[in-house]
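Undergrad: Got a structure for you, written out below as structure tokens; questions coming shortly.
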Amino acid sequence: MIALLLCFCFAWQTGLADARAHLRAGQEADKNRQFDTAITEFRKATEMDPTLIEAFVNLGQAYMEKGEYSNAVTPLTRALELNCELAPAHQLLGYALLAQGYAKQAVPHLEKAGEQSALGIAQIETGQLSEAVRNLQAALAKRPNDPDLLYYLGRASGLLSKQSIDTLLAAYPDSARAHQALAENYFVLRQMPQAEREYQEALKLRPNTPDLHLELGEVYAGAFQWDKAEEEFRTETRLQPGNAEAAYRLGNALLQQGKARPARFELQRANQLLPNMPETLYGLGKAAALDGDATAAQQAWTQLLAIEREGSLAAQTHFALAGLYRKQGKIAQADRELQEFKKLQSPGAQAQPQ
Amino acid sequence: MRAAILVVIVLQTLATPTFDVKRPAGLDFVLQNSPTPQKYLIETMPGGVALLDYNNDGLLDMFLVNGGAVASPMKMPENFDRHDPKYWNRLYRQNRDGSFSDTTEAAGLAKAGEGNYGMGVAVGDYDNDGYPDLYVTSYGTNILYHNNGNGTFTDVTAKAGVAAGGWSVSAGFFDYDNDGKLDLFVTRYMEWDTQHSKNCGQEWHTYCPPEEFPATTSILYHNRGDGTFEDVSQNAGIAVKKGRALGVAFADYDADGYTDIFVANDGMQQFLFHNNKNGTFSERGMEAGAALSEDGRRLSGMGAVFQDYDNDGRPDIIVTELPREIYGVYHNDGNGTFSYRSLETGLGALTSGSSGWGVGLEDFDNDGWKDLFVAQSHVLDNVEQIDPSLHYKQVPLLAFNHSGHFERGESGIDAPVAGRGAAFGDLNNDGFIDVVMTTLGGAPQIYLGHENKQHWLTITLRGTRSNRDGFGARVEVKGQTRFATSSGSYESASDKRLHFGLGSADTAQVEVLWPSGKRQILSKVHVDQFLEVREPE
């Protein structure tokens, strides 16, 4: 009897040793990306030792590396039966389920694994949009340049926004905000008459809502109706005297109509509210030049070039300075600015030499 | 009571539209651009119109350029069948009662040239025989028609050597070397043919932007004086730069006595060819400040006019463009340079959503300030599907000039059309400028200027030492200046007579600086007349 027991014990220990050998062989094959061999070895290991958690986890991982997500589920589930707190198994099972579209089933595993990026993606699918945004933001904080994370965060935020707007439209279709939401949608689609109609409806209901006049002004500006745009931007600046964008938009609308003096005033105000914005400085220079104040124009544009040395706005500014100097008869300075412009100019604007 | 009457008078004045929209009897032309699903770029580019008195009876006649048949798809060799009379170019003689008679066949102009797809027309008396000749541009070969003086024309292209080839658009006669003989400038658009056409657009198939095709050179022909021309493009420096040229206009911008050339290029910088007075030109658009927008952006230059809009005696440039670009106003600052003044002049607000082609600076209300007329329409016939805020068919722009600032005028035109070429002249000799505008796929639009109580003077130049048309002369009347030309606009030729609105003046002084250098002054000239000024021998 003792001999029999010793014999069984030896065989069992031999079996365990063999299972570990297969595990090592599998890990070696996996390292060399020989996934079929690895799967065979891991499977043998699990057969010889059905409690060898590591082998089940590795088997699941190898299936996943091979792209066979459905085959990965069983060994990973077994691993978790053996140890329900095993984070790597939760993580892999979460991935495997998510890859197959079982987002709802993936969520608890990814939560346990603390895998915020995949969890966020799964939560988009399950409609847990606020949670998805929160998790993706946290993941993005650790990997700020990950394009996938940026994409999914954008998608989650967009869907969250849409969900909120859908609720608004369904529950309060006649509210000012519902009209505003519809108007914004039409504006994005460049359906300006519809956008204008919805903004007007919103304004009828709540005429003093911040941003409504600004947005309606943008509709008019997009349709080149600068006089109407001016009126809306002006109303917005009355409602929000501290809003730099409203002042900038009003200044620009005035500029488009050749109203130099008031444009200059508004652009100066925009620059005081939010100093050194390149677009504001460029517009300010244009308005000053239009108003006949070359010194102020030069000052604004020089200030802009100190902030922004490259790019299309810098090129534009050099060109504008060239025009300013040319008008003053300062031909050498004009030529110098023109050269700077040409250096920064986007290709295609110049004539092609034969 | 008095105030009320005044208000009524003011309202009546404001309500009176500038033009009567007319369809004169006998004018049955339809511009056949033959649009196809292939969206061949040529389909959206014609066509020109000329106002000329071909039979010297004192009435302006009309020549209209037609497109041609386009197969879908085209096969090589390209052949735009123009046998069917509906594809012919047409000459209409004006009758005393304001109606028109189609004299195309009688004048020998029925055969438009096989393989050509018509674009534009230039008018000038290149042989100084007193009868205006016609130069018709095409995608294909161009044709010079000599006016025989008996109501007929002869195709003299081969003898004259001005067939060009490629894709010609606008053309103009001018005398660049002041030898008394009109030379010829031809704009060419790009290197393109139907076999190298492309599919552009995404969801919607559209005409391609010009950048899709290689640029090409324009052509300068020197008039030898024996009925032949020499292509001097290379030696004169015109072919030094390749462009995508559509419009052309002439004037002596730096007052050195020699005519300069402005070329409207599409989707790139504009060209200003300065006349070096030795038979060559230097392209100075960039240095002179007339090449790009105020922001240094390239422009979709299409039509151009080179006249003095602010009565400072110097020719300025206005270029028509695509939406969001604003028509370019280049003010001549007098030191050989220009400053961009689209916003100052009010054109920013008036034109930021418009697409302009033919353009003219004419004093429609005879108040002494040249007003602006622009034929408008987007290039893309399906632009609404791509951007609902833009429109293919548009109402032409009429902007009145108030001391150099333009404000939209009540034109009396409310039907949007696909405007292209535009020519200006006094069709009914009433002292008020009229407009003929071509429309793609449609009939030409005739806008007759309404009379008012303002006075006017219309001058015909008769060069003797200078070219007989007096092209290139600088004529000043009562503080206004015009530079004699039939060119400018887009693909079109206007009445060569120089029209001046004189407000309440009874008489005016006329000062002519001829291309020969002769200066001629006529004092106390009576207003409201057609005056011929002959250059002193």
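Going by the structure tokens order, chains are called A, B, ..., each with residues numbered from 1, while ligands are numbered from 1 in the order shown.
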At most 7 Å is the cut-off: for each residue in chain B with any atom that close to an atom of chain A, write down the nearest atom pair and the distance in Å rounded to one decimal, counting only C-alpha atoms, chain first then increasing number, as a tab-separated table.
TA:
```
residue	atom	partner	partner_atom	distance
B:Val240	CA	A:Gln354	CA	6.2
B:Lys241	CA	A:Pro353	CA	5.4
B:Lys242	CA	A:Gln352	CA	5.6
B:Gly243	CA	A:Ala351	CA	6.1
B:Met268	CA	A:Ala349	CA	5.0
B:Gln269	CA	A:Gln350	CA	5.8
B:Gly289	CA	A:Gly323	CA	6.6
B:Glu294	CA	A:Ala320	CA	6.2
B:Asp295	CA	A:Gln316	CA	4.9
B:Gly296	CA	A:Gln316	CA	5.4
B:Arg298	CA	A:Ala349	CA	5.4
B:Ser339	CA	A:Gly323	CA	6.6
B:Leu343	CA	A:Gly258	CA	4.6
B:Glu344	CA	A:Gly258	CA	4.9
B:Gly346	CA	A:Gly258	CA	5.9
B:Gly348	CA	A:Gln256	CA	5.5
B:Ala349	CA	A:Gln257	CA	4.9
B:Ser352	CA	A:Phe224	CA	6.1
B:Gly353	CA	A:Phe224	CA	5.6
B:Asp387	CA	A:Arg190	CA	6.8
B:Pro388	CA	A:Gln191	CA	6.2
B:Ser389	CA	A:Ala223	CA	5.9
```
Undergrad: Would you please extract all strand (DSSP E) residues from range 182-341 of chain B, as assigned by DSSP on the backbone, and give them as a PyMOL selection string?
TA: chain B and resi 183-188+219-223+229-231+241-242+245-251+260-268+271-275+281-283+299-300+304-307+316-319+328-332+338-340
Undergrad: Which distance in Å separates CA of Ile433 in chain B and CA of His331 in chain B, to one decimal?
TA: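 One can read the CA of Ile433 in chain B to CA of His331 in chain B distance as 23.9 Å.
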Undergrad: Quick one: residues within 6 Å of range 507-509 of chain B, only C-alpha atoms, excluding same-chain residues fewer than 6 positions away - as a list of chain:residue names?
TA: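 With the cut-off at 6 Å, the set is B:Val477, B:Lys478, B:Leu522, B:Ser523, B:Lys524, B:Val525, B:His526, B:Val527.
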Undergrad: By how many Å are CA of Val512 in chain B and CA of Arg474 in chain B apart?
TA: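 Value for the CA of Val512 in chain B-CA of Arg474 in chain B distance: 5.8 Å.
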Undergrad: Would you please work out which residue, of A:Gln268, A:Gln91, A:Asn208, A:Gln180, is nearest to Glu196 in chain A when using only C-alpha atoms?
TA: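 So, comparing all the options, the nearest one is A:Gln180.
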Undergrad: Based on the backbone DSSP call, show me all residues of range 87-267 of chain A assigned helix (DSSP H, G or I), as a VMD selection string.
TA: chain A and resid 87 to 99 103 to 113 116 to 126 129 to 142 147 to 171 176 to 188 192 to 205 212 to 222 226 to 239 244 to 256 260 to 267
Undergrad: Find the spatial neighbours of range 210-213 of chain B, counting only C-alpha atoms, within a cut-off of 10 Å - ignore same-chain residues fewer than 2 positions away - and output them as number ranges by chain.
TA: A: 348; B: 41, 189-193, 196-198, 200, 207-208, 215-216, 244, 265-268, 300
Undergrad: Point out the residue among B:Asp226, B:Asp414, B:Asp133, B:Asp316 with the least atom-to-atom distance to Asn55 in chain B, counting only C-alpha atoms.
TA: B:Asp133
Undergrad: Just want the 7 Å neighbourhood of Ser489 in chain B, counted on only C-alpha atoms, with same-chain residues fewer than 2 positions away dropped. Output as a list in words.
TA: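 My reading of the contact set: Gly247, Gly303, Ala304, Val305, Gly358, Val359, Gly360, Ala422, Ser487, Glu491 and Ser492 of chain B.
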Undergrad: So that I have them on file, write out the residues from the current selection with C-alpha atoms, as a JSON list (two decimals), in the first residue's frame.
TA:
```
[["chain", "number", "residue", "atom", "x", "y", "z"],
["B", 247, "GLY", "CA", -9.16, 88.10, -68.37],
["B", 303, "GLY", "CA", -12.64, 89.27, -65.42],
["B", 304, "ALA", "CA", -10.75, 92.53, -65.18],
["B", 305, "VAL", "CA", -11.20, 96.23, -65.81],
["B", 358, "GLY", "CA", -17.56, 90.11, -67.05],
["B", 359, "VAL", "CA", -17.01, 93.47, -65.43],
["B", 360, "GLY", "CA", -17.24, 97.11, -66.40],
["B", 422, "ALA", "CA", -20.44, 91.39, -70.48],
["B", 487, "SER", "CA", -10.95, 95.30, -74.06],
["B", 491, "GLU", "CA", -14.09, 87.31, -73.14],
["B", 492, "SER", "CA", -15.84, 90.42, -74.39]]
```
